[in-house]
Amino acid sequence: MVKKVLANCYIYLILLLMYLPILMLIAFSVSTNDVVSFSGDFNFGFDLYKNLFSNTKVAHDIWVAVANTLILAVTSALVSVILGTLGAIGTFYLKRRSKKVVEVMTQIPIANAEIVIALSLTVMFVFLGTYIFHTHLFSYWTLLIGHVVLSIPFVYLSVKPKLQQMDPNLYEAALDLGATPSQGLRKVIIPQIMPGVFSGFLLSITLSLDDYIVTEFTRGAGLLSGDAAIETLSTYIQTSLKKHTVPAELRPLTLIIFLTILSIVLGISLYRNYQAKQIEKRRRGV
């Protein structure tokens, strides 16, 4: 009994430490104070939300950073999912020795420090721009390549377990029944591994939204930033921290992002539970 109580207290303590910053964020997002502080009066109000959706320069810069971040996250996730999924399928049907070599190579970017990946990409882009293309390469495309390189191994690891769970005879049976290899890929393999593909897509978006190091090293002019360097949320916040003037409007923005992600996660969970119940009903013949 005592062990159970201590175990529950330990779990709740960990959860409190995890969600305490978010609770503070919720509290100070409805405060009109410019500085997050427990000293002084707490002025309740929704002025920060109004300022976030106003026509001020701060609000404009924040939404430009948000739009750049979302465009980069979605495009890099799509490219990563396509390349990572095809790579996982190709590796799955390789011979054992070749498969081991590829799997070790895909694990290196995951175990490697992110600063090493960012610096190596920077050196490569500088070399190509100086000696091959004779131009300044850093732009949205170099930033996209950096995020794709960062995300592909995680897509591979998300798809690989689904391929291992799949019955390999299904693809061979489809070919025996007259399907072409491309039809077998689209109608047999892809539907079987779709949960892993979707997980890899969400993971790629999360990695892109959260990344700062690769973004800072590989970004250039482009997207909604125009001729200036591309600002994402991570680089915008870091730039504001250097100036010691973090906009208070970021507090309601981060709360909106948190609530959006929470809604998506809950929606996916409820949908999966609904699907599981429907499958169980079909098995019972209800």
# chains A, B, ... in the order shown; residues from 1 in each chain; ligands from 1
>>> closest_atom_pairs(of="segment 59-134 of chain A", to="segment 196-203 of chain A", cutoff="9 Å", atoms="only C-alpha atoms", output="tab-separated table")
residue	atom	partner	partner_atom	distance
A:Val74	CA	A:Phe201	CA	8.7
A:Ala77	CA	A:Phe201	CA	5.6
A:Leu78	CA	A:Phe201	CA	7.0
A:Ser80	CA	A:Phe201	CA	7.7
A:Val81	CA	A:Phe201	CA	5.9
A:Ile82	CA	A:Val197	CA	8.9
A:Gly84	CA	A:Gly200	CA	8.6
A:Thr85	CA	A:Val197	CA	6.8
>>> residues_around(residues="Ser120 of chain A", least_positions_apart="6", cutoff="10 Å", atoms="only C-alpha atoms", output="list in words")
Glu114, Val126 and Phe217 of chain A
>>> write_last_selection(atoms="N, CA and C atoms", output="PDB file, in the first residue's frame")
ATOM      1  N   GLU A 114      23.156  17.414 -33.165  1.00  0.00           N
ATOM      2  CA  GLU A 114      22.518  18.232 -34.198  1.00  0.00           C
ATOM      3  C   GLU A 114      23.441  19.326 -34.715  1.00  0.00           C
ATOM      4  N   VAL A 126      28.416  25.988 -48.522  1.00  0.00           N
ATOM      5  CA  VAL A 126      29.439  26.994 -48.829  1.00  0.00           C
ATOM      6  C   VAL A 126      30.366  26.489 -49.925  1.00  0.00           C
ATOM      7  N   PHE A 217      21.685  27.666 -39.053  1.00  0.00           N
ATOM      8  CA  PHE A 217      22.881  27.456 -39.868  1.00  0.00           C
ATOM      9  C   PHE A 217      22.578  27.429 -41.369  1.00  0.00           C
TER      10      PHE A 217
END
>>> residues_around(residues="Val66 of chain A", least_positions_apart="2", cutoff="12 Å", atoms="only C-alpha atoms", output="PyMOL selection string")
chain A and resi 52+59-64+68-73+209+223-225+230-237+250+253-254+256-257
>>> closest_residue(among="A:Arg284, A:Arg219, A:Arg251, A:Lys242", to="His136 of chain A", atoms="only C-alpha atoms")
A:Arg219
>>> closest_atom_pairs(of="segment 93-175 of chain A", to="segment 188-195 of chain A", cutoff="9 Å", atoms="only C-alpha atoms", output="Markdown table")
| residue | atom | partner | partner_atom | distance |
| --- | --- | --- | --- | --- |
| A:Ser158 | CA | A:Pro195 | CA | 8.7 |
| A:Val159 | CA | A:Ile193 | CA | 6.5 |
| A:Lys160 | CA | A:Ile193 | CA | 8.6 |
| A:Pro161 | CA | A:Ile193 | CA | 8.6 |
| A:Lys162 | CA | A:Ile193 | CA | 5.2 |
| A:Leu163 | CA | A:Ile193 | CA | 6.3 |
| A:Gln165 | CA | A:Ile193 | CA | 8.9 |
| A:Met166 | CA | A:Gln192 | CA | 6.6 |
| A:Leu170 | CA | A:Val188 | CA | 7.0 |
| A:Tyr171 | CA | A:Val188 | CA | 6.3 |
| A:Ala174 | CA | A:Val188 | CA | 7.6 |
>>> write_last_selection(atoms="N, CA, C and O atoms", output="PDB file, in the first residue's frame")
ATOM      1  N   SER A 158       9.882   5.043 -38.060  1.00  0.00           N
ATOM      2  CA  SER A 158       8.441   4.918 -37.855  1.00  0.00           C
ATOM      3  C   SER A 158       7.812   3.908 -38.805  1.00  0.00           C
ATOM      4  O   SER A 158       6.862   3.206 -38.432  1.00  0.00           O
ATOM      5  N   VAL A 159       8.345   3.818 -40.020  1.00  0.00           N
ATOM      6  CA  VAL A 159       7.781   2.924 -41.028  1.00  0.00           C
ATOM      7  C   VAL A 159       8.318   1.502 -40.872  1.00  0.00           C
ATOM      8  O   VAL A 159       7.607   0.524 -41.138  1.00  0.00           O
ATOM      9  N   LYS A 160       9.553   1.370 -40.437  1.00  0.00           N
ATOM     10  CA  LYS A 160      10.207   0.057 -40.347  1.00  0.00           C
ATOM     11  C   LYS A 160       9.414  -0.967 -39.525  1.00  0.00           C
ATOM     12  O   LYS A 160       9.231  -2.111 -39.967  1.00  0.00           O
ATOM     13  N   PRO A 161       8.907  -0.640 -38.301  1.00  0.00           N
ATOM     14  CA  PRO A 161       8.135  -1.648 -37.543  1.00  0.00           C
ATOM     15  C   PRO A 161       6.884  -2.119 -38.267  1.00  0.00           C
ATOM     16  O   PRO A 161       6.506  -3.304 -38.158  1.00  0.00           O
ATOM     17  N   LYS A 162       6.215  -1.228 -39.000  1.00  0.00           N
ATOM     18  CA  LYS A 162       5.019  -1.635 -39.735  1.00  0.00           C
ATOM     19  C   LYS A 162       5.365  -2.599 -40.872  1.00  0.00           C
ATOM     20  O   LYS A 162       4.586  -3.507 -41.181  1.00  0.00           O
ATOM     21  N   LEU A 163       6.509  -2.402 -41.492  1.00  0.00           N
ATOM     22  CA  LEU A 163       6.949  -3.330 -42.537  1.00  0.00           C
ATOM     23  C   LEU A 163       7.260  -4.697 -41.941  1.00  0.00           C
ATOM     24  O   LEU A 163       6.970  -5.730 -42.554  1.00  0.00           O
ATOM     25  N   GLN A 165       5.852  -5.956 -39.296  1.00  0.00           N
ATOM     26  CA  GLN A 165       4.591  -6.575 -38.891  1.00  0.00           C
ATOM     27  C   GLN A 165       3.773  -7.065 -40.080  1.00  0.00           C
ATOM     28  O   GLN A 165       2.893  -7.915 -39.922  1.00  0.00           O
ATOM     29  N   MET A 166       4.053  -6.544 -41.250  1.00  0.00           N
ATOM     30  CA  MET A 166       3.282  -6.887 -42.449  1.00  0.00           C
ATOM     31  C   MET A 166       3.593  -8.304 -42.900  1.00  0.00           C
ATOM     32  O   MET A 166       4.731  -8.780 -42.809  1.00  0.00           O
ATOM     33  N   LEU A 170       1.675 -11.136 -48.772  1.00  0.00           N
ATOM     34  CA  LEU A 170       0.606 -10.371 -49.409  1.00  0.00           C
ATOM     35  C   LEU A 170       1.079  -9.732 -50.708  1.00  0.00           C
ATOM     36  O   LEU A 170       0.366  -9.741 -51.715  1.00  0.00           O
ATOM     37  N   TYR A 171       2.277  -9.180 -50.686  1.00  0.00           N
ATOM     38  CA  TYR A 171       2.813  -8.539 -51.897  1.00  0.00           C
ATOM     39  C   TYR A 171       3.057  -9.573 -52.988  1.00  0.00           C
ATOM     40  O   TYR A 171       2.732  -9.338 -54.162  1.00  0.00           O
ATOM     41  N   ALA A 174      -0.218 -10.587 -54.493  1.00  0.00           N
ATOM     42  CA  ALA A 174      -0.738  -9.573 -55.411  1.00  0.00           C
ATOM     43  C   ALA A 174      -0.067  -9.672 -56.779  1.00  0.00           C
ATOM     44  O   ALA A 174      -0.718  -9.545 -57.823  1.00  0.00           O
TER      45      ALA A 174
END
>>> closest_residue(among="A:Lys277, A:Glu249, A:Gly220, A:Arg186", to="Asp47 of chain A", atoms="only C-alpha atoms")
A:Glu249
>>> residues_around(residues="Pro109 of chain A", least_positions_apart="5", cutoff="12 Å", atoms="only C-alpha atoms", output="PyMOL selection string")
chain A and resi 103-104+114-118+120+146+148-154+156-157
>>> atom_distance(atom1="atom CA of Val155 of chain A", atom2="atom CA of Tyr212 of chain A")
19.6 Å
>>> select_by_dssp(residues="segment 41-248 of chain A", states="strand (DSSP E or B)", output="PyMOL selection string")
chain A and resi 44+139+221+229
>>> decode(residues="segment 70-81 of chain A", atoms="N, CA, C and O atoms", output="PDB file, in the first residue's frame")
ATOM      1  N   LEU A  70       5.216  27.121 -40.412  1.00  0.00           N
ATOM      2  CA  LEU A  70       4.238  26.129 -40.864  1.00  0.00           C
ATOM      3  C   LEU A  70       4.528  25.673 -42.291  1.00  0.00           C
ATOM      4  O   LEU A  70       4.447  24.465 -42.594  1.00  0.00           O
ATOM      5  N   ILE A  71       4.868  26.601 -43.178  1.00  0.00           N
ATOM      6  CA  ILE A  71       5.190  26.226 -44.562  1.00  0.00           C
ATOM      7  C   ILE A  71       6.392  25.292 -44.592  1.00  0.00           C
ATOM      8  O   ILE A  71       6.384  24.253 -45.273  1.00  0.00           O
ATOM      9  N   LEU A  72       7.424  25.652 -43.846  1.00  0.00           N
ATOM     10  CA  LEU A  72       8.627  24.820 -43.803  1.00  0.00           C
ATOM     11  C   LEU A  72       8.336  23.452 -43.194  1.00  0.00           C
ATOM     12  O   LEU A  72       8.815  22.422 -43.693  1.00  0.00           O
ATOM     13  N   ALA A  73       7.542  23.419 -42.120  1.00  0.00           N
ATOM     14  CA  ALA A  73       7.253  22.156 -41.443  1.00  0.00           C
ATOM     15  C   ALA A  73       6.469  21.203 -42.340  1.00  0.00           C
ATOM     16  O   ALA A  73       6.789  20.012 -42.437  1.00  0.00           O
ATOM     17  N   VAL A  74       5.452  21.719 -43.023  1.00  0.00           N
ATOM     18  CA  VAL A  74       4.614  20.859 -43.866  1.00  0.00           C
ATOM     19  C   VAL A  74       5.382  20.366 -45.081  1.00  0.00           C
ATOM     20  O   VAL A  74       5.346  19.167 -45.412  1.00  0.00           O
ATOM     21  N   THR A  75       6.101  21.257 -45.756  1.00  0.00           N
ATOM     22  CA  THR A  75       6.837  20.843 -46.958  1.00  0.00           C
ATOM     23  C   THR A  75       7.959  19.871 -46.620  1.00  0.00           C
ATOM     24  O   THR A  75       8.153  18.860 -47.310  1.00  0.00           O
ATOM     25  N   SER A  76       8.709  20.149 -45.558  1.00  0.00           N
ATOM     26  CA  SER A  76       9.789  19.236 -45.177  1.00  0.00           C
ATOM     27  C   SER A  76       9.240  17.892 -44.722  1.00  0.00           C
ATOM     28  O   SER A  76       9.840  16.841 -44.993  1.00  0.00           O
ATOM     29  N   ALA A  77       8.071  17.902 -44.048  1.00  0.00           N
ATOM     30  CA  ALA A  77       7.466  16.640 -43.609  1.00  0.00           C
ATOM     31  C   ALA A  77       7.007  15.812 -44.809  1.00  0.00           C
ATOM     32  O   ALA A  77       7.183  14.584 -44.830  1.00  0.00           O
ATOM     33  N   LEU A  78       6.418  16.458 -45.813  1.00  0.00           N
ATOM     34  CA  LEU A  78       5.976  15.731 -47.005  1.00  0.00           C
ATOM     35  C   LEU A  78       7.156  15.099 -47.744  1.00  0.00           C
ATOM     36  O   LEU A  78       7.114  13.916 -48.118  1.00  0.00           O
ATOM     37  N   VAL A  79       8.216  15.886 -47.938  1.00  0.00           N
ATOM     38  CA  VAL A  79       9.399  15.349 -48.630  1.00  0.00           C
ATOM     39  C   VAL A  79      10.032  14.240 -47.813  1.00  0.00           C
ATOM     40  O   VAL A  79      10.431  13.193 -48.352  1.00  0.00           O
ATOM     41  N   SER A  80      10.127  14.428 -46.503  1.00  0.00           N
ATOM     42  CA  SER A  80      10.740  13.418 -45.640  1.00  0.00           C
ATOM     43  C   SER A  80       9.937  12.125 -45.635  1.00  0.00           C
ATOM     44  O   SER A  80      10.509  11.027 -45.645  1.00  0.00           O
ATOM     45  N   VAL A  81       8.603  12.246 -45.621  1.00  0.00           N
ATOM     46  CA  VAL A  81       7.755  11.053 -45.615  1.00  0.00           C
ATOM     47  C   VAL A  81       7.911  10.265 -46.917  1.00  0.00           C
ATOM     48  O   VAL A  81       8.023   9.035 -46.905  1.00  0.00           O
TER      49      VAL A  81
END
